[in-house]
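J.: Just passing along the structure, written as structure tokens.
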Amino acid sequence: MGALEVAIQSYCGAADRLNVSPEGIRNDVDIVMRAFPLGRIFLHHFLNGGGGNLIIPTEGIIENDEGVKTNIQGHLSRDISSEQGIIPNNQGRYHQRNFQMAFGSLNFQWKIARRTQVENGEICIVDLWFVNRYRWHETVARISQCMHRAYTRSSGMEYDMIGKRVFYIYRKRTEGQDTFLRCDQNTPFLRELRERNQPAPHTGRDVGVIYPDSQSYFEIQ
């Protein structure tokens with residue numbers, strides 16, 4: 001475990017021994033979460049957002065967290081011969097603590113929108129997105145159990161974090177290194193693919209509109 005995980009485990013052990021109230025635990029967590037502003041935004045949305053879903057810029061996570069991008073590319077390198085799949089991204093994969101505290105374990109969904117055979121391999125256009133439920137689990141044993149109990153017993157409401165669909169090019173080579181690159185999302189070709197390859201519909205509001213302070217975390221340099 002890292003230093004943060006050890007601190008959480010120690011805190012929950014002490015909170016249980018001292019019988020700290022759920023409200024007291026939530027107040028303590030809010031103070032700590034000031035060090036992770038994006039995670040704090042998502043936490044406050046659970047408490048005050050009325051269950052409204054949030055639309056998340058998927059490419060902002062992939063491009064701004066090398067751990068996430070490497071994980072996705074690694075899975076695609078093994079599974080690209082399939083037409084679709086799920087890529088689990090557990091909390092240990094993130095390089096960015098703010099993403100880790102905001103999203104926790106996250107499953108990326110993907111499918112091949114177009115596959116073209118070329119010399120020395122193939123070029124695949126990969127459609128990527130996710131739907132992740134923001135929730136707390138009182139009955140699942142973990143080091144942060146006291147916090148899960150405290151938020152389960154709050155007036156907060158679960159909601160979906162919906163990763164906006166984004167297209168990537170995955171170049172699979174029979175010789176040499178594969179490449180994984182974000183496409184220009186505004187080309188007529190990709191707009192057509194987006195219309196013809198719709199995943200299950202989801203509704204929500206753009207996180208950057210509701211919470212402008214979140215925008216900087218998803219901006220791609």
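Letters A, B, ... mark the chains of the structure tokens in the order given; residue numbers begin at 1 per chain; ligand numbers begin at 1, in order shown.
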Can you pull out every residue within 10 Å of Ile220 (chain A), counting only C-alpha atoms, but drop anything in the same chain fewer than 2 positions away, and send it as a list in words?

T.: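 Neighbouring residues, sequence-local ones excluded: Glu59, Gly60, Ile61, Ile62, Glu63, Asn64, Ser216, Tyr217 and Phe218 of chain A.
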
J.: Within 12 Å of region 22-38 of chain A, which residues of region 125-171 of chain A come that close, and what is the closest atom pair and distance in Å for each? Count only C-alpha atoms and give it as a Markdown table.

T.:
```
| residue | atom | partner | partner_atom | distance |
| --- | --- | --- | --- | --- |
| A:Glu138 | CA | A:Pro22 | CA | 11.8 |
| A:Ser144 | CA | A:Val29 | CA | 10.7 |
| A:Gln145 | CA | A:Ile25 | CA | 11.1 |
| A:Cys146 | CA | A:Ile25 | CA | 7.7 |
| A:Met147 | CA | A:Ile25 | CA | 6.6 |
| A:His148 | CA | A:Pro22 | CA | 9.5 |
| A:Arg149 | CA | A:Pro22 | CA | 7.3 |
| A:Ala150 | CA | A:Pro22 | CA | 4.2 |
| A:Tyr151 | CA | A:Arg26 | CA | 7.1 |
| A:Thr152 | CA | A:Pro22 | CA | 9.1 |
| A:Arg153 | CA | A:Pro22 | CA | 7.2 |
| A:Ser154 | CA | A:Pro22 | CA | 7.8 |
| A:Ser155 | CA | A:Glu23 | CA | 11.0 |
| A:Gly156 | CA | A:Arg26 | CA | 11.5 |
```

J.: Tell me, as a list of chain:residue names, which residues lie within 10 Å of Leu128 (chain A), counting only C-alpha atoms; anything in the same chain fewer than 4 positions away does not count.

T.: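 After dropping sequence-adjacent residues, the list is A:Thr58, A:Glu59, A:Ile72, A:Gln84, A:Gly85, A:Ile86, A:Ile87, A:Phe108, A:Gln109, A:Trp110, A:Lys111, A:Ile112, A:Ala113, A:Gly163, A:Lys164, A:Arg165, A:Val166, A:Phe167, A:Tyr168.
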
J.: Restricting the output to N, CA, C and O atoms, write the selected residues as a PDB file, in the first residue's frame.

T.:
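Saved as again_7.pdb:
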```pdb
ATOM      1  N   THR A  58     -13.645  11.735 -22.102  1.00  0.00           N
ATOM      2  CA  THR A  58     -12.852  10.512 -22.014  1.00  0.00           C
ATOM      3  C   THR A  58     -11.401  10.740 -22.436  1.00  0.00           C
ATOM      4  O   THR A  58     -10.462  10.253 -21.792  1.00  0.00           O
ATOM      5  N   GLU A  59     -11.204  11.488 -23.541  1.00  0.00           N
ATOM      6  CA  GLU A  59      -9.844  11.691 -24.027  1.00  0.00           C
ATOM      7  C   GLU A  59      -9.004  12.495 -23.040  1.00  0.00           C
ATOM      8  O   GLU A  59      -7.772  12.372 -23.017  1.00  0.00           O
ATOM      9  N   ILE A  72      -4.623   0.979 -21.533  1.00  0.00           N
ATOM     10  CA  ILE A  72      -5.526   0.771 -22.665  1.00  0.00           C
ATOM     11  C   ILE A  72      -4.775   0.197 -23.853  1.00  0.00           C
ATOM     12  O   ILE A  72      -5.214  -0.771 -24.490  1.00  0.00           O
ATOM     13  N   GLN A  84     -14.793  -6.046 -30.022  1.00  0.00           N
ATOM     14  CA  GLN A  84     -15.132  -5.161 -28.919  1.00  0.00           C
ATOM     15  C   GLN A  84     -14.670  -5.793 -27.616  1.00  0.00           C
ATOM     16  O   GLN A  84     -14.282  -6.959 -27.579  1.00  0.00           O
ATOM     17  N   GLY A  85     -14.703  -4.999 -26.556  1.00  0.00           N
ATOM     18  CA  GLY A  85     -14.279  -5.543 -25.277  1.00  0.00           C
ATOM     19  C   GLY A  85     -14.360  -4.505 -24.171  1.00  0.00           C
ATOM     20  O   GLY A  85     -14.847  -3.385 -24.362  1.00  0.00           O
ATOM     21  N   ILE A  86     -13.887  -4.895 -22.996  1.00  0.00           N
ATOM     22  CA  ILE A  86     -13.857  -4.036 -21.811  1.00  0.00           C
ATOM     23  C   ILE A  86     -12.432  -4.023 -21.267  1.00  0.00           C
ATOM     24  O   ILE A  86     -11.785  -5.063 -21.172  1.00  0.00           O
ATOM     25  N   ILE A  87     -11.950  -2.843 -20.921  1.00  0.00           N
ATOM     26  CA  ILE A  87     -10.601  -2.681 -20.384  1.00  0.00           C
ATOM     27  C   ILE A  87     -10.710  -2.201 -18.945  1.00  0.00           C
ATOM     28  O   ILE A  87     -11.060  -1.042 -18.689  1.00  0.00           O
ATOM     29  N   PHE A 108     -13.207   0.843 -19.195  1.00  0.00           N
ATOM     30  CA  PHE A 108     -13.370   1.447 -20.513  1.00  0.00           C
ATOM     31  C   PHE A 108     -13.985   0.405 -21.457  1.00  0.00           C
ATOM     32  O   PHE A 108     -13.563  -0.745 -21.484  1.00  0.00           O
ATOM     33  N   GLN A 109     -14.961   0.831 -22.224  1.00  0.00           N
ATOM     34  CA  GLN A 109     -15.552  -0.027 -23.243  1.00  0.00           C
ATOM     35  C   GLN A 109     -15.008   0.391 -24.609  1.00  0.00           C
ATOM     36  O   GLN A 109     -14.765   1.574 -24.844  1.00  0.00           O
ATOM     37  N   TRP A 110     -14.826  -0.575 -25.480  1.00  0.00           N
ATOM     38  CA  TRP A 110     -14.305  -0.261 -26.807  1.00  0.00           C
ATOM     39  C   TRP A 110     -14.918  -1.193 -27.836  1.00  0.00           C
ATOM     40  O   TRP A 110     -15.357  -2.295 -27.532  1.00  0.00           O
ATOM     41  N   LYS A 111     -14.935  -0.696 -29.066  1.00  0.00           N
ATOM     42  CA  LYS A 111     -15.299  -1.551 -30.193  1.00  0.00           C
ATOM     43  C   LYS A 111     -14.626  -0.998 -31.446  1.00  0.00           C
ATOM     44  O   LYS A 111     -14.265   0.182 -31.516  1.00  0.00           O
ATOM     45  N   ILE A 112     -14.441  -1.879 -32.414  1.00  0.00           N
ATOM     46  CA  ILE A 112     -13.817  -1.478 -33.663  1.00  0.00           C
ATOM     47  C   ILE A 112     -14.870  -0.811 -34.545  1.00  0.00           C
ATOM     48  O   ILE A 112     -15.885  -1.422 -34.883  1.00  0.00           O
ATOM     49  N   ALA A 113     -14.619   0.444 -34.903  1.00  0.00           N
ATOM     50  CA  ALA A 113     -15.534   1.147 -35.803  1.00  0.00           C
ATOM     51  C   ALA A 113     -15.176   0.886 -37.261  1.00  0.00           C
ATOM     52  O   ALA A 113     -16.053   0.881 -38.136  1.00  0.00           O
ATOM     53  N   GLY A 163     -18.432   8.593 -19.834  1.00  0.00           N
ATOM     54  CA  GLY A 163     -17.295   9.008 -20.657  1.00  0.00           C
ATOM     55  C   GLY A 163     -17.728   9.236 -22.094  1.00  0.00           C
ATOM     56  O   GLY A 163     -18.185   8.313 -22.770  1.00  0.00           O
ATOM     57  N   LYS A 164     -17.592  10.465 -22.553  1.00  0.00           N
ATOM     58  CA  LYS A 164     -17.984  10.809 -23.924  1.00  0.00           C
ATOM     59  C   LYS A 164     -17.186   9.997 -24.930  1.00  0.00           C
ATOM     60  O   LYS A 164     -15.986   9.800 -24.788  1.00  0.00           O
ATOM     61  N   ARG A 165     -17.840   9.507 -25.952  1.00  0.00           N
ATOM     62  CA  ARG A 165     -17.192   8.669 -26.960  1.00  0.00           C
ATOM     63  C   ARG A 165     -16.074   9.418 -27.670  1.00  0.00           C
ATOM     64  O   ARG A 165     -16.204  10.579 -28.024  1.00  0.00           O
ATOM     65  N   VAL A 166     -14.963   8.691 -27.878  1.00  0.00           N
ATOM     66  CA  VAL A 166     -13.820   9.277 -28.556  1.00  0.00           C
ATOM     67  C   VAL A 166     -13.204   8.210 -29.453  1.00  0.00           C
ATOM     68  O   VAL A 166     -13.186   7.021 -29.113  1.00  0.00           O
ATOM     69  N   PHE A 167     -12.717   8.623 -30.622  1.00  0.00           N
ATOM     70  CA  PHE A 167     -12.100   7.694 -31.563  1.00  0.00           C
ATOM     71  C   PHE A 167     -10.576   7.792 -31.492  1.00  0.00           C
ATOM     72  O   PHE A 167     -10.007   8.890 -31.453  1.00  0.00           O
ATOM     73  N   TYR A 168      -9.953   6.625 -31.491  1.00  0.00           N
ATOM     74  CA  TYR A 168      -8.495   6.515 -31.546  1.00  0.00           C
ATOM     75  C   TYR A 168      -8.114   5.642 -32.730  1.00  0.00           C
ATOM     76  O   TYR A 168      -8.885   4.765 -33.150  1.00  0.00           O
TER      77      TYR A 168
END
```

J.: Taking the chain letters and numbering used in this document, name the residues of region 6-221 of chain A that DSSP puts in strand (DSSP E or B), as number ranges by chain.

T.: A: 54-56, 84-89, 106-118, 121-134, 159-173, 179-182, 205-206

J.: Measure the distance from CA of Asn132 (chain A) to CA of Met161 (chain A) in Å and round it to one decimal.

T.: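 Value for the CA of Asn132 (chain A)-CA of Met161 (chain A) distance: 5.1 Å.
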
J.: Choose the residue, out of A:Arg173, A:Arg191, A:Lys69, A:Arg135, that has the smallest atom-to-atom separation from Glu119 (chain A); count only C-alpha atoms.

T.: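 Answer, going by the shortest atom-to-atom distance: A:Arg173.
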
J.: Measuring atom to atom with only C-alpha atoms, identify which of A:Asp127, A:Glu5, A:Glu66, A:Glu83 is nearest to Glu195 (chain A).

T.: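 The answer is A:Asp127, which sits nearest to Glu195 (chain A).
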
J.: Please provide the set of residues having any atom within 12 Å of Gly2 (chain A), restricted to only C-alpha atoms, with same-chain residues fewer than 5 positions apart removed, written as a VMD selection string.

T.: chain A and resid 7 to 9 91 to 92 97

J.: Kindly indicate which residue among A:Leu193, A:Ile41, A:Ile143, A:Val20 lies nearest to Leu4 (chain A), using only C-alpha atoms for the distances.

T.: A:Ile143

J.: Counting only C-alpha atoms, figure out which residue out of A:Val68, A:Leu190, A:Ile162, A:Cys183 gets nearest to Gln100 (chain A).

T.: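 Under the stated criterion, the closest residue is A:Val68.
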
J.: When distances are computed from only C-alpha atoms, which of A:Trp136, A:Tyr11, A:Tyr94, A:Tyr159 shows the smallest separation from Leu54 (chain A)?

T.: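 Nearest to Leu54 (chain A): A:Tyr159.
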
J.: Extract the full set of helix (DSSP H, G or I) residues from region 69-212 of chain A according to DSSP on the backbone, and format it as JSON, numbers by chain.

T.: {"A": [69, 70, 71, 72, 73, 74, 75, 76, 77, 78, 79, 91, 92, 93, 97, 98, 99, 100, 101, 102, 103, 145, 146, 147, 148, 149, 150, 151, 152, 188, 189, 190, 191, 192, 193, 194, 195, 196, 207, 208, 209, 210, 212]}

J.: Give the answer as one residue: which of A:Gly104, A:Arg114, A:Ile125, A:Thr174 has the shortest atom-to-atom distance to Leu43 (chain A), using only C-alpha atoms?

T.: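 Closest residue, counting only C-alpha atoms: A:Gly104.
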
J.: Excluding same-chain residues fewer than 6 positions from Ser105 (chain A), what lies within 8 Å of it counting only C-alpha atoms, as a ChimeraX atom specification?

T.: /A:88-91

J.: Would you mind exporting N, CA, C and O atoms of the selected residues as an mmCIF file, in the first residue's frame?

T.:
```
data_model
loop_
_atom_site.group_PDB
_atom_site.id
_atom_site.type_symbol
_atom_site.label_atom_id
_atom_site.label_comp_id
_atom_site.auth_asym_id
_atom_site.auth_seq_id
_atom_site.Cartn_x
_atom_site.Cartn_y
_atom_site.Cartn_z
ATOM 1 N N PRO A 88 -10.440 -3.076 -17.976
ATOM 2 C CA PRO A 88 -10.487 -2.633 -16.579
ATOM 3 C C PRO A 88 -9.299 -1.741 -16.245
ATOM 4 O O PRO A 88 -8.170 -2.023 -16.638
ATOM 5 N N ASN A 89 -9.590 -0.660 -15.545
ATOM 6 C CA ASN A 89 -8.539 0.258 -15.106
ATOM 7 C C ASN A 89 -8.708 0.434 -13.597
ATOM 8 O O ASN A 89 -9.530 1.230 -13.147
ATOM 9 N N ASN A 90 -7.958 -0.361 -12.822
ATOM 10 C CA ASN A 90 -8.137 -0.277 -11.374
ATOM 11 C C ASN A 90 -7.404 0.938 -10.812
ATOM 12 O O ASN A 90 -6.669 1.624 -11.515
ATOM 13 N N GLN A 91 -7.598 1.191 -9.524
ATOM 14 C CA GLN A 91 -7.093 2.426 -8.932
ATOM 15 C C GLN A 91 -5.569 2.519 -8.973
ATOM 16 O O GLN A 91 -5.011 3.616 -8.990
#
```

J.: Would you kindly return, as a ChimeraX atom specification, each protein, DNA or RNA residue with an atom no farther than 8 Å from any atom of Ile169 (chain A), considering only C-alpha atoms and excluding same-chain residues fewer than 6 positions away?

T.: /A:123-126,179-183
